[in-house]
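Below is structure.cif, holding mmCIF, C-alpha atoms.
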```cif
data_query
loop_
_atom_site.label_atom_id
_atom_site.label_comp_id
_atom_site.auth_asym_id
_atom_site.auth_seq_id
_atom_site.Cartn_x
_atom_site.Cartn_y
_atom_site.Cartn_z
CA ARG A 1 0.00 0.00 0.00
CA GLU A 2 2.74 2.44 0.84
CA ASP A 3 3.95 3.70 -2.49
CA GLY A 4 5.02 7.30 -2.25
CA GLY A 5 3.62 9.90 -4.55
CA ARG A 6 0.86 7.96 -6.25
CA VAL A 7 -2.78 7.56 -5.65
CA GLN A 8 -2.83 4.02 -4.40
CA ASN A 9 -5.67 1.59 -4.49
CA CYS A 10 -6.65 0.46 -1.07
CA GLY A 11 -5.86 -3.18 -0.59
CA THR A 12 -8.02 -3.83 2.43
CA PHE A 13 -11.03 -2.29 0.79
CA GLY A 14 -12.18 -4.61 -1.85
CA VAL A 15 -15.41 -5.70 -0.49
CA LEU A 16 -18.22 -3.28 -1.09
CA GLN A 17 -21.34 -5.10 -0.17
CA GLU A 18 -24.82 -3.86 -0.42
CA ILE A 19 -27.97 -5.41 0.89
CA PHE A 20 -31.23 -3.95 -0.24
CA GLY A 21 -34.44 -3.93 1.65
CA SER A 22 -33.07 -5.13 4.96
CA ILE A 23 -35.52 -3.13 7.06
CA SER A 24 -39.06 -4.29 6.44
CA THR A 25 -40.76 -1.44 8.29
CA ALA A 26 -39.08 1.27 6.25
CA ASP A 27 -40.17 2.35 2.82
CA GLY A 28 -36.66 1.86 1.49
CA SER A 29 -33.47 0.70 3.06
CA ALA A 30 -29.97 -0.41 2.32
CA LEU A 31 -27.03 -1.74 4.27
CA VAL A 32 -23.58 -0.94 2.96
CA LYS A 33 -20.31 -2.44 4.15
CA LEU A 34 -17.15 -0.71 2.98
CA GLY A 35 -14.42 -2.91 4.38
CA ASN A 36 -15.29 -2.81 8.07
CA THR A 37 -17.29 0.39 7.99
CA THR A 38 -20.99 -0.45 8.04
CA VAL A 39 -23.78 2.04 7.46
CA ILE A 40 -27.46 1.30 7.27
CA CYS A 41 -29.90 3.73 5.71
CA GLY A 42 -33.62 3.64 6.29
CA ILE A 43 -36.05 5.89 4.47
CA LYS A 44 -39.50 6.69 5.76
CA ALA A 45 -41.95 8.61 3.65
CA GLU A 46 -44.53 10.77 5.34
CA PHE A 47 -46.94 13.48 4.35
CA ALA A 48 -46.30 17.14 4.89
CA ALA A 49 -47.43 20.48 3.62
CA PRO A 50 -45.02 21.76 1.00
CA PRO A 51 -42.93 24.84 1.84
CA THR A 52 -44.71 28.13 1.22
CA ASP A 53 -41.97 29.47 -1.06
CA ALA A 54 -41.92 26.31 -3.19
CA PRO A 55 -45.43 24.82 -3.19
CA ASP A 56 -44.60 22.15 -5.78
CA LYS A 57 -41.66 20.63 -3.97
CA GLY A 58 -41.33 17.92 -1.37
CA TYR A 59 -38.57 17.47 1.20
CA VAL A 60 -35.64 15.11 1.61
CA VAL A 61 -34.31 15.24 5.16
CA PRO A 62 -31.09 13.33 5.80
CA ASN A 63 -29.76 12.60 9.24
CA VAL A 64 -26.51 10.85 10.01
CA ASP A 65 -26.21 9.20 13.40
CA LEU A 66 -22.90 8.02 14.81
CA PRO A 67 -23.93 6.14 17.93
CA PRO A 68 -21.51 4.97 20.60
CA LEU A 69 -21.91 1.42 19.39
CA CYS A 70 -19.96 2.07 16.22
CA SER A 71 -16.82 3.35 17.87
CA SER A 72 -15.51 4.18 21.31
CA ARG A 73 -14.80 7.75 20.29
CA PHE A 74 -18.49 8.68 20.25
CA ARG A 75 -20.56 9.34 23.37
CA SER A 76 -24.28 9.04 23.75
CA GLY A 77 -26.29 12.26 23.79
CA PRO A 78 -26.89 15.00 21.24
CA PRO A 79 -25.17 14.52 17.88
CA GLY A 80 -21.51 15.38 17.97
CA GLU A 81 -19.68 17.57 15.50
CA GLU A 82 -18.72 14.74 13.19
CA ALA A 83 -22.30 13.53 12.87
CA GLN A 84 -23.54 17.05 12.19
CA VAL A 85 -20.89 17.67 9.57
CA ALA A 86 -21.73 14.34 7.91
CA SER A 87 -25.45 15.22 7.90
CA GLN A 88 -24.68 18.57 6.32
CA PHE A 89 -22.47 16.86 3.74
CA ILE A 90 -25.22 14.42 2.75
CA ALA A 91 -27.75 17.27 2.58
CA ASP A 92 -25.37 19.16 0.28
CA VAL A 93 -24.87 16.12 -1.96
CA ILE A 94 -28.64 15.64 -2.30
CA GLU A 95 -29.11 19.32 -3.07
CA ASN A 96 -26.19 19.72 -5.46
CA SER A 97 -26.55 16.51 -7.42
CA GLN A 98 -30.33 16.78 -7.84
CA ILE A 99 -30.52 13.04 -7.24
CA ILE A 100 -34.27 13.38 -6.90
CA GLN A 101 -36.27 16.14 -8.46
CA LYS A 102 -38.10 17.58 -5.48
CA GLU A 103 -41.06 18.25 -7.76
CA ASP A 104 -41.50 14.47 -8.07
CA LEU A 105 -42.30 14.35 -4.38
CA CYS A 106 -45.22 16.70 -4.69
CA ILE A 107 -48.68 15.12 -4.55
CA SER A 108 -50.86 18.18 -4.70
CA PRO A 109 -49.21 21.58 -5.15
CA GLY A 110 -49.60 23.75 -2.11
CA LYS A 111 -51.44 21.09 -0.14
CA LEU A 112 -49.60 17.82 0.16
CA ALA A 113 -46.15 16.52 -0.54
CA TRP A 114 -43.94 13.64 0.46
CA VAL A 115 -41.16 14.15 2.93
CA LEU A 116 -38.47 11.48 2.87
CA TYR A 117 -36.72 11.08 6.19
CA CYS A 118 -33.38 9.42 5.45
CA ASP A 119 -31.81 8.05 8.59
CA LEU A 120 -28.24 6.89 8.18
CA ILE A 121 -26.89 4.98 11.13
CA CYS A 122 -23.33 3.83 11.36
CA LEU A 123 -23.03 0.38 12.85
CA ASP A 124 -19.27 0.07 12.63
CA TYR A 125 -16.88 2.96 12.20
CA ASP A 126 -13.63 2.14 10.49
CA GLY A 127 -13.02 5.32 8.54
CA ASN A 128 -14.47 6.70 5.34
CA ILE A 129 -17.89 7.37 6.75
CA LEU A 130 -18.83 9.87 4.04
CA ASP A 131 -18.39 7.39 1.18
CA ALA A 132 -20.38 4.72 2.98
CA CYS A 133 -23.21 7.13 3.83
CA THR A 134 -23.46 8.33 0.24
CA PHE A 135 -23.60 4.77 -1.10
CA ALA A 136 -26.16 3.76 1.50
CA LEU A 137 -28.34 6.76 0.71
CA LEU A 138 -28.20 6.13 -3.03
CA ALA A 139 -28.96 2.43 -2.60
CA ALA A 140 -31.82 3.09 -0.21
CA LEU A 141 -33.35 5.70 -2.52
CA LYS A 142 -33.27 3.17 -5.35
CA ASN A 143 -35.10 0.78 -3.06
CA VAL A 144 -37.84 3.20 -1.99
CA GLN A 145 -41.32 2.44 -3.23
CA LEU A 146 -43.94 5.09 -2.71
CA PRO A 147 -47.63 4.17 -2.80
CA GLU A 148 -49.97 6.00 -5.07
CA VAL A 149 -51.84 8.84 -3.41
CA THR A 150 -54.98 10.43 -4.75
CA ILE A 151 -56.84 13.35 -3.26
CA SER A 152 -60.49 12.39 -3.28
CA GLU A 153 -62.71 15.21 -4.43
CA GLU A 154 -65.56 14.66 -1.98
CA THR A 155 -63.68 14.56 1.25
CA ALA A 156 -60.50 16.40 0.10
CA LEU A 157 -58.51 13.82 2.02
CA ALA A 158 -55.63 11.81 0.75
CA GLU A 159 -56.31 8.21 -0.14
CA VAL A 160 -53.33 5.95 -0.11
CA ASN A 161 -53.35 2.92 -2.35
CA LEU A 162 -50.84 0.57 -0.76
CA LYS A 163 -51.24 -2.02 -3.45
CA LYS A 164 -49.92 0.26 -6.16
CA LYS A 165 -46.36 1.28 -5.45
CA SER A 166 -43.80 2.82 -7.71
CA PHE A 167 -40.08 3.39 -7.48
CA LEU A 168 -38.58 6.84 -7.21
CA ASN A 169 -37.14 8.49 -10.28
CA ILE A 170 -33.42 8.63 -9.49
CA ARG A 171 -31.92 11.10 -11.91
CA THR A 172 -28.23 10.91 -11.15
CA HIS A 173 -26.00 8.54 -9.24
CA PRO A 174 -23.55 10.51 -7.16
CA VAL A 175 -20.69 8.43 -5.83
CA ALA A 176 -18.28 9.69 -3.19
CA THR A 177 -14.58 8.86 -3.19
CA SER A 178 -12.53 9.82 -0.16
CA PHE A 179 -8.78 10.16 0.09
CA ALA A 180 -6.46 10.47 3.05
CA VAL A 181 -3.65 12.95 2.43
CA PHE A 182 -0.26 12.48 4.01
CA ASP A 183 1.86 15.64 3.70
CA ASP A 184 1.26 15.86 -0.06
CA THR A 185 3.48 12.86 -0.74
CA LEU A 186 0.89 10.15 -0.46
CA LEU A 187 -2.78 9.83 -1.17
CA ILE A 188 -4.70 6.75 -0.09
CA VAL A 189 -8.13 5.96 -1.45
CA ASP A 190 -10.81 4.76 0.96
CA PRO A 191 -8.85 5.15 4.20
CA THR A 192 -9.50 2.96 7.22
CA GLY A 193 -10.01 4.46 10.65
CA GLU A 194 -6.37 4.20 11.57
CA GLU A 195 -5.21 5.78 8.31
CA GLU A 196 -7.66 8.63 8.74
CA HIS A 197 -6.41 9.25 12.24
CA LEU A 198 -2.81 9.45 11.07
CA ALA A 199 -3.52 11.47 7.94
CA THR A 200 -2.69 15.15 7.74
CA GLY A 201 -5.79 15.86 5.68
CA THR A 202 -8.73 14.32 3.88
CA LEU A 203 -10.43 14.98 0.57
CA THR A 204 -13.81 13.76 -0.61
CA VAL A 205 -14.91 14.02 -4.23
CA VAL A 206 -18.52 13.33 -5.21
CA MET A 207 -18.99 12.64 -8.89
CA ASP A 208 -21.98 11.66 -10.96
CA GLU A 209 -22.03 9.52 -14.06
CA GLU A 210 -21.36 12.35 -16.51
CA GLY A 211 -18.13 13.21 -14.74
CA LYS A 212 -19.68 16.28 -13.15
CA LEU A 213 -18.65 17.06 -9.63
CA CYS A 214 -21.31 17.68 -7.04
CA CYS A 215 -18.98 18.26 -4.17
CA LEU A 216 -15.30 18.76 -3.54
CA HIS A 217 -14.99 18.59 0.20
CA LYS A 218 -11.59 19.28 1.63
CA PRO A 219 -11.90 20.43 5.23
CA GLY A 220 -8.44 21.86 5.77
CA GLY A 221 -5.36 19.76 6.22
CA SER A 222 -2.13 19.81 4.27
CA GLY A 223 -2.06 21.34 0.82
CA LEU A 224 -2.59 19.66 -2.54
CA THR A 225 -1.26 20.76 -5.90
CA GLY A 226 -3.47 20.92 -8.96
CA ALA A 227 -1.77 17.86 -10.45
CA LYS A 228 -2.54 15.73 -7.39
CA LEU A 229 -6.12 16.92 -7.58
CA GLN A 230 -6.30 15.69 -11.16
CA ASP A 231 -5.11 12.23 -10.05
CA CYS A 232 -7.90 12.19 -7.51
CA MET A 233 -10.45 13.09 -10.16
CA SER A 234 -9.44 10.22 -12.42
CA ARG A 235 -9.54 7.82 -9.48
CA ALA A 236 -13.01 9.09 -8.63
CA VAL A 237 -14.16 8.35 -12.18
CA THR A 238 -12.94 4.74 -11.90
CA ARG A 239 -14.57 4.35 -8.51
CA HIS A 240 -17.85 5.61 -9.89
CA LYS A 241 -17.84 2.95 -12.58
CA GLU A 242 -17.12 0.19 -10.04
CA VAL A 243 -19.87 1.27 -7.68
CA LYS A 244 -22.41 1.77 -10.44
CA LYS A 245 -21.72 -1.71 -11.75
CA LEU A 246 -22.22 -3.25 -8.33
CA MET A 247 -25.41 -1.33 -7.73
CA ASP A 248 -26.86 -2.36 -11.10
CA GLU A 249 -26.05 -5.99 -10.34
CA VAL A 250 -27.80 -5.86 -6.98
CA VAL A 251 -30.85 -4.11 -8.42
CA LYS A 252 -31.12 -6.70 -11.17
CA SER A 253 -30.81 -9.59 -8.73
CA MET A 254 -33.72 -8.32 -6.63
CA LYS A 255 -36.98 -9.98 -7.45
CA PRO A 256 -39.62 -7.46 -8.57
CA LYS A 257 -42.44 -7.33 -6.05
CA MET B 1 -0.83 25.30 32.34
CA GLU B 2 -3.06 26.53 29.64
CA GLY B 3 -2.76 29.88 28.03
CA ALA B 4 -5.31 31.29 25.70
CA MET B 5 -4.42 33.75 23.00
CA ARG B 6 -7.22 35.71 21.45
CA SER B 7 -7.13 38.17 18.71
CA ASP B 8 -9.81 39.74 16.67
CA ALA B 9 -9.30 41.21 13.29
CA LYS B 10 -12.04 43.35 11.92
CA ILE B 11 -12.39 43.17 8.21
CA ARG B 12 -14.57 45.79 6.71
CA GLY B 13 -15.84 44.48 3.45
CA GLU B 14 -17.45 46.90 1.14
CA SER B 15 -20.30 45.68 -0.90
CA GLY B 16 -19.62 44.91 -4.52
CA THR B 17 -19.10 48.00 -6.56
CA GLU B 18 -21.37 47.63 -9.56
CA SER B 19 -19.55 50.36 -11.43
CA SER B 20 -16.21 48.61 -11.75
CA PRO B 21 -16.24 46.18 -14.62
CA ARG B 22 -15.27 42.64 -13.79
CA GLY B 23 -12.83 41.19 -16.26
CA PRO B 24 -11.46 37.70 -16.44
CA GLY B 25 -8.38 38.82 -14.53
CA CYS B 26 -8.40 39.73 -10.91
CA SER B 27 -11.82 41.06 -10.12
CA LEU B 28 -11.83 40.98 -6.37
CA ARG B 29 -13.75 43.67 -4.62
CA HIS B 30 -12.05 46.33 -2.61
CA PHE B 31 -11.11 45.21 0.84
CA ALA B 32 -9.79 47.00 3.89
CA CYS B 33 -8.42 45.75 7.12
CA GLU B 34 -7.94 47.13 10.59
CA GLN B 35 -5.96 45.26 13.16
CA ASN B 36 -5.81 45.28 16.89
CA LEU B 37 -8.90 47.46 17.05
CA LEU B 38 -10.42 45.88 20.07
CA SER B 39 -8.35 46.06 23.21
CA ARG B 40 -10.63 43.80 25.16
CA PRO B 41 -11.95 41.29 22.71
CA ASP B 42 -15.23 39.83 23.71
CA GLY B 43 -18.03 38.03 22.03
CA SER B 44 -17.75 34.49 21.03
CA ALA B 45 -18.78 31.95 18.48
CA SER B 46 -21.06 30.22 20.94
CA PHE B 47 -24.11 32.05 19.64
CA LEU B 48 -23.80 30.61 16.19
CA GLN B 49 -26.62 28.26 15.44
CA GLY B 50 -27.35 25.76 12.80
CA VAL B 51 -25.44 22.98 11.18
CA ALA B 52 -24.17 25.18 8.36
CA GLU B 53 -22.30 27.29 10.90
CA LYS B 54 -20.82 24.19 12.52
CA SER B 55 -19.63 23.03 9.15
CA ARG B 56 -18.08 26.45 8.37
CA GLU B 57 -16.43 26.55 11.78
CA ARG B 58 -14.91 23.16 11.17
CA LEU B 59 -13.53 24.22 7.77
CA ILE B 60 -11.91 27.33 9.21
CA ARG B 61 -10.55 25.43 12.18
CA ASN B 62 -9.03 22.70 10.09
CA THR B 63 -7.41 25.21 7.76
CA CYS B 64 -5.88 27.08 10.70
CA GLU B 65 -4.72 23.84 12.28
CA ALA B 66 -2.91 22.83 9.13
CA VAL B 67 -1.01 26.10 9.02
CA VAL B 68 -0.30 26.96 12.65
CA LEU B 69 2.84 25.41 14.12
CA GLY B 70 1.16 23.95 17.14
CA THR B 71 4.21 22.07 18.31
CA LEU B 72 5.94 25.31 19.29
CA HIS B 73 3.24 26.04 21.84
CA PRO B 74 2.28 22.89 23.67
CA ARG B 75 -0.58 22.94 26.16
CA THR B 76 -1.86 26.13 24.56
CA SER B 77 -5.31 26.88 23.30
CA ILE B 78 -5.72 29.34 20.45
CA THR B 79 -9.24 30.67 20.13
CA VAL B 80 -10.21 32.47 16.96
CA VAL B 81 -13.39 34.48 17.25
CA LEU B 82 -14.98 35.67 14.03
CA GLN B 83 -17.81 38.19 14.17
CA VAL B 84 -19.69 38.85 10.95
CA ILE B 85 -20.29 42.57 10.62
CA SER B 86 -21.99 42.41 7.27
CA ASP B 87 -22.42 39.71 4.68
CA ALA B 88 -22.35 40.80 1.06
CA GLY B 89 -21.35 37.46 -0.43
CA SER B 90 -18.15 35.37 -0.26
CA LEU B 91 -18.53 35.10 3.52
CA LEU B 92 -16.38 32.05 4.07
CA ALA B 93 -13.47 33.49 2.08
CA CYS B 94 -13.67 36.71 4.07
CA CYS B 95 -13.70 34.74 7.34
CA LEU B 96 -10.58 32.88 6.25
CA ASN B 97 -8.78 36.10 5.40
CA ALA B 98 -9.80 37.61 8.71
CA ALA B 99 -8.63 34.55 10.61
CA CYS B 100 -5.24 34.65 8.90
CA MET B 101 -4.72 38.34 9.61
CA ALA B 102 -5.75 37.83 13.20
CA LEU B 103 -3.28 35.01 13.65
CA VAL B 104 -0.52 37.16 12.17
CA ASP B 105 -1.51 40.03 14.45
CA ALA B 106 -1.35 37.73 17.44
CA GLY B 107 2.11 36.60 16.46
CA VAL B 108 1.21 32.93 16.21
CA PRO B 109 3.97 31.04 14.38
CA MET B 110 2.64 29.69 11.11
CA ARG B 111 3.93 27.50 8.34
CA SER B 112 2.58 29.85 5.71
CA LEU B 113 -0.18 32.39 5.29
CA PHE B 114 -3.45 31.41 3.76
CA CYS B 115 -6.24 33.22 1.99
CA GLY B 116 -9.76 32.44 0.93
CA VAL B 117 -11.11 32.99 -2.58
CA THR B 118 -14.64 32.33 -3.83
CA CYS B 119 -15.52 31.51 -7.43
CA ALA B 120 -18.98 31.40 -8.91
CA LEU B 121 -19.97 29.71 -12.16
CA ASP B 122 -23.15 30.86 -13.77
CA SER B 123 -25.34 28.89 -16.13
CA ASP B 124 -23.29 29.62 -19.27
CA GLY B 125 -20.03 28.72 -17.57
CA THR B 126 -18.71 32.25 -17.01
CA LEU B 127 -16.37 32.47 -14.10
CA MET B 128 -16.84 35.20 -11.51
CA LEU B 129 -14.40 35.77 -8.71
CA ASP B 130 -15.53 37.10 -5.36
CA PRO B 131 -19.25 37.05 -6.13
CA THR B 132 -21.79 39.24 -4.37
CA ALA B 133 -24.64 37.63 -2.48
CA LYS B 134 -26.96 38.09 -5.45
CA GLN B 135 -24.46 36.53 -7.85
CA GLU B 136 -23.95 33.62 -5.48
CA LYS B 137 -27.64 32.89 -5.36
CA GLU B 138 -28.05 32.99 -9.12
CA ALA B 139 -24.90 30.99 -9.84
CA ARG B 140 -24.97 27.37 -10.92
CA ALA B 141 -22.01 26.54 -8.72
CA VAL B 142 -20.08 28.35 -5.99
CA LEU B 143 -16.60 27.13 -5.08
CA THR B 144 -14.60 28.42 -2.12
CA PHE B 145 -10.90 27.64 -1.84
CA ALA B 146 -8.27 28.30 0.78
CA LEU B 147 -4.79 28.55 -0.71
CA ASP B 148 -1.46 28.74 1.04
CA SER B 149 1.06 31.47 0.35
CA VAL B 150 4.19 29.40 -0.28
CA GLU B 151 3.20 27.22 -3.22
CA ARG B 152 -0.46 28.17 -3.76
CA LYS B 153 -1.48 24.68 -2.74
CA LEU B 154 -5.09 23.89 -2.02
CA LEU B 155 -5.63 23.78 1.72
CA MET B 156 -9.39 23.73 1.90
CA SER B 157 -12.19 23.54 -0.56
CA THR B 158 -15.94 23.51 -0.24
CA THR B 159 -18.32 23.65 -3.15
CA LYS B 160 -21.98 23.99 -3.87
CA GLY B 161 -23.66 23.02 -7.11
CA LEU B 162 -22.74 20.94 -10.12
CA TYR B 163 -19.68 21.57 -12.30
CA SER B 164 -17.26 19.66 -14.49
CA ASP B 165 -13.67 18.73 -13.83
CA ALA B 166 -12.38 21.22 -16.43
CA GLU B 167 -14.35 24.02 -14.79
CA LEU B 168 -12.83 23.05 -11.44
CA GLN B 169 -9.31 23.38 -12.82
CA GLN B 170 -10.23 26.73 -14.37
CA CYS B 171 -11.60 28.03 -11.07
CA LEU B 172 -8.59 26.76 -9.17
CA ALA B 173 -6.22 28.51 -11.58
CA ALA B 174 -8.20 31.75 -11.32
CA ALA B 175 -8.23 31.47 -7.54
CA GLN B 176 -4.48 30.92 -7.47
CA ALA B 177 -3.96 34.04 -9.56
CA ALA B 178 -6.30 36.06 -7.35
CA SER B 179 -4.57 34.87 -4.19
CA GLN B 180 -1.47 36.77 -5.31
CA HIS B 181 -3.40 40.00 -4.88
CA VAL B 182 -4.66 39.00 -1.45
CA PHE B 183 -1.19 38.09 -0.23
CA ARG B 184 0.18 41.35 -1.60
CA PHE B 185 -2.53 43.16 0.31
CA TYR B 186 -1.57 41.32 3.50
CA ARG B 187 2.04 42.38 3.05
CA GLU B 188 1.16 46.00 2.31
CA SER B 189 -1.20 46.36 5.23
CA LEU B 190 1.32 44.87 7.63
CA GLN B 191 4.03 47.16 6.31
CA ARG B 192 1.75 50.11 6.77
CA ARG B 193 0.94 49.12 10.30
CA TYR B 194 4.48 48.60 11.42
CA SER B 195 5.81 51.71 9.69
CA LYS B 196 3.29 53.82 11.61
CA SER B 197 4.28 52.57 15.07
#
```
Would you write the structure of this file as structure tokens?
Amino acid sequence: REDGGRVQNCGTFGVLQEIFGSISTADGSALVKLGNTTVICGIKAEFAAPPTDAPDKGYVVPNVDLPPLCSSRFRSGPPGEEAQVASQFIADVIENSQIIQKEDLCISPGKLAWVLYCDLICLDYDGNILDACTFALLAALKNVQLPEVTISEETALAEVNLKKKSFLNIRTHPVATSFAVFDDTLLIVDPTGEEEHLATGTLTVVMDEEGKLCCLHKPGGSGLTGAKLQDCMSRAVTRHKEVKKLMDEVVKSMKPK
Amino acid sequence: MEGAMRSDAKIRGESGTESSPRGPGCSLRHFACEQNLLSRPDGSASFLQGVAEKSRERLIRNTCEAVVLGTLHPRTSITVVLQVISDAGSLLACCLNAACMALVDAGVPMRSLFCGVTCALDSDGTLMLDPTAKQEKEARAVLTFALDSVERKLLMSTTKGLYSDAELQQCLAAAQAASQHVFRFYRESLQRRYSKS
């Protein structure tokens, strides 16, 4: 793994597993294991009144939870800084990449819309939480089935038809690739917990299938030259292809309900 | 034994001058700086609310941590308090510049100086440096970079919106060019200050 100056493939990461539909009570769910890091995402859809300034849009509300069970560094209580930053990151990715058109979530403009509560819970923290959360969110959104809702004219109430469900229209597939930076001499893709702890900086690139970047998240740390950044971009492109292939395989293997 | 060093730098940012044409070269707005204004700094960042603030705080903190030579001052806490006087766009970049000037004013040993530059890309791909609040809202993508003074390396980056890899390189190059002006301004303002006293 230690090969100075190049963006190295992570040897211990190799196993990206996804399990769809693991939570039966949620409308959509996915469990993602990235090496040892495990994140489960559950999506619940509920009704809400659309925002007054955008009456034809629904909401997508992500929340990342890093409970004490995933690592000894987290305490129980209100969400710590890392969880809040991760939640903000996921919210930014959803917003920037337009993964779902919020207009698709609207049932009746100005009156009723879907709100998707996306709860991401880390079960095992071994570094690279942002990548795992993004994969889990994407996989869970692909798994979500929303029932058909009609507003009856007589009672003006919503009638939910649970027998007729449809998948969400996922417009783009943003995939996150994280790097651990060591003093500008070494970049490691998909760092483990120990590598992250020792790194002098981290970089996360979120790319969609057209090669467009939704997010370039580098929260401080040692500097990177433009050339190194380019290496990261090309690695992110490769990673996107790998993840997309895996996701397509899993979706195909699922029996249609 | 724990010592705490505090220093506030007040950056007065003037709102974007609509009269000056913005070319593809350096089109940063006018900026001014006053140092050591407050003899008894007070106020703190504890009143900031919201997750967006937490995220911004973390970005600024990590950038400072990468640059400050912490090993020369063990068991020391350095608190940087940033008070927003007015926000006319490019807030994060302004906060970074203020933090750097404050650290210099406090005499904290640093590896290099750093500066913040914001780039906005509008729908036809035109690049705007140092956008106003209105330009930021209408832009397709807003990218904020923190660059160091020694080799113009990228210390911190945070982006909003969708953009291509080529556009990223373009923005980074423009930001690197603009950072020259910011660092020159740092030098000039420090020279002015020390020549007066």
Using only C-alpha atoms for the distances, tell me which of B:Gly89, B:Leu162, B:Ala106, B:Leu129 is nearest to Ile94 (chain A).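 Among the listed residues, B:Leu162 lies closest to Ile94 (chain A).
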I need the chain B residues near chain A as a VMD selection string; criterion: at most 8 Å, counting only C-alpha atoms. chain B and resid 51 to 52 54 to 55 58 to 67 147 to 148 152 to 165 169 172
Kindly resolve the PyMOL selection byres ((chain A and resi 125) around 9) on the present coordinates and return the residues as JSON, numbers by chain. {"A": [36, 37, 38, 39, 66, 69, 70, 71, 122, 123, 124, 126, 127, 128, 129, 192, 193]}
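Across the chains present, the PyMOL selection byres ((chain A and resi 55) around 12) applied to this file returns Ala48, Ala49, Pro50, Pro51, Thr52, Asp53, Ala54, Asp56, Lys57, Gly58, Tyr59, Lys102, Glu103, Leu105, Cys106, Ile107, Ser108, Pro109, Gly110, Lys111, Leu112, Ala113 and Trp114 of chain A.
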Explicit residue set for the PyMOL selection byres ((chain B and resi 149) around 6), as a compact mmCIF listing (two decimals) with C-alpha atoms, keeping the file's coordinate frame:
```txt
# COMPACT_ATOMS: atom_id res chain seq x y z
CA SER B 112 2.58 29.85 5.71
CA LEU B 113 -0.18 32.39 5.29
CA PHE B 114 -3.45 31.41 3.76
CA ASP B 148 -1.46 28.74 1.04
CA VAL B 150 4.19 29.40 -0.28
CA GLU B 151 3.20 27.22 -3.22
CA ARG B 152 -0.46 28.17 -3.76
```
Within 7 Å of Leu121 (chain B), counting all atoms listed in the file, which residues qualify if same-chain residues fewer than 4 places away don't, as a list in words?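 With the cut-off at 7 Å, the set is Gly125, Thr126, Leu127, Met128, Ala139, Arg140, Ala141 and Val142 of chain B.
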Could you turn the residues from that selection into a file that holds C-alpha atoms, as a PDB file, in the frame of the given file?
```
ATOM      1  CA  GLY B 125     -20.030  28.720 -17.570  1.00  0.00           C
ATOM      2  CA  THR B 126     -18.710  32.250 -17.010  1.00  0.00           C
ATOM      3  CA  LEU B 127     -16.370  32.470 -14.100  1.00  0.00           C
ATOM      4  CA  MET B 128     -16.840  35.200 -11.510  1.00  0.00           C
ATOM      5  CA  ALA B 139     -24.900  30.990  -9.840  1.00  0.00           C
ATOM      6  CA  ARG B 140     -24.970  27.370 -10.920  1.00  0.00           C
ATOM      7  CA  ALA B 141     -22.010  26.540  -8.720  1.00  0.00           C
ATOM      8  CA  VAL B 142     -20.080  28.350  -5.990  1.00  0.00           C
TER       9      VAL B 142
END
```
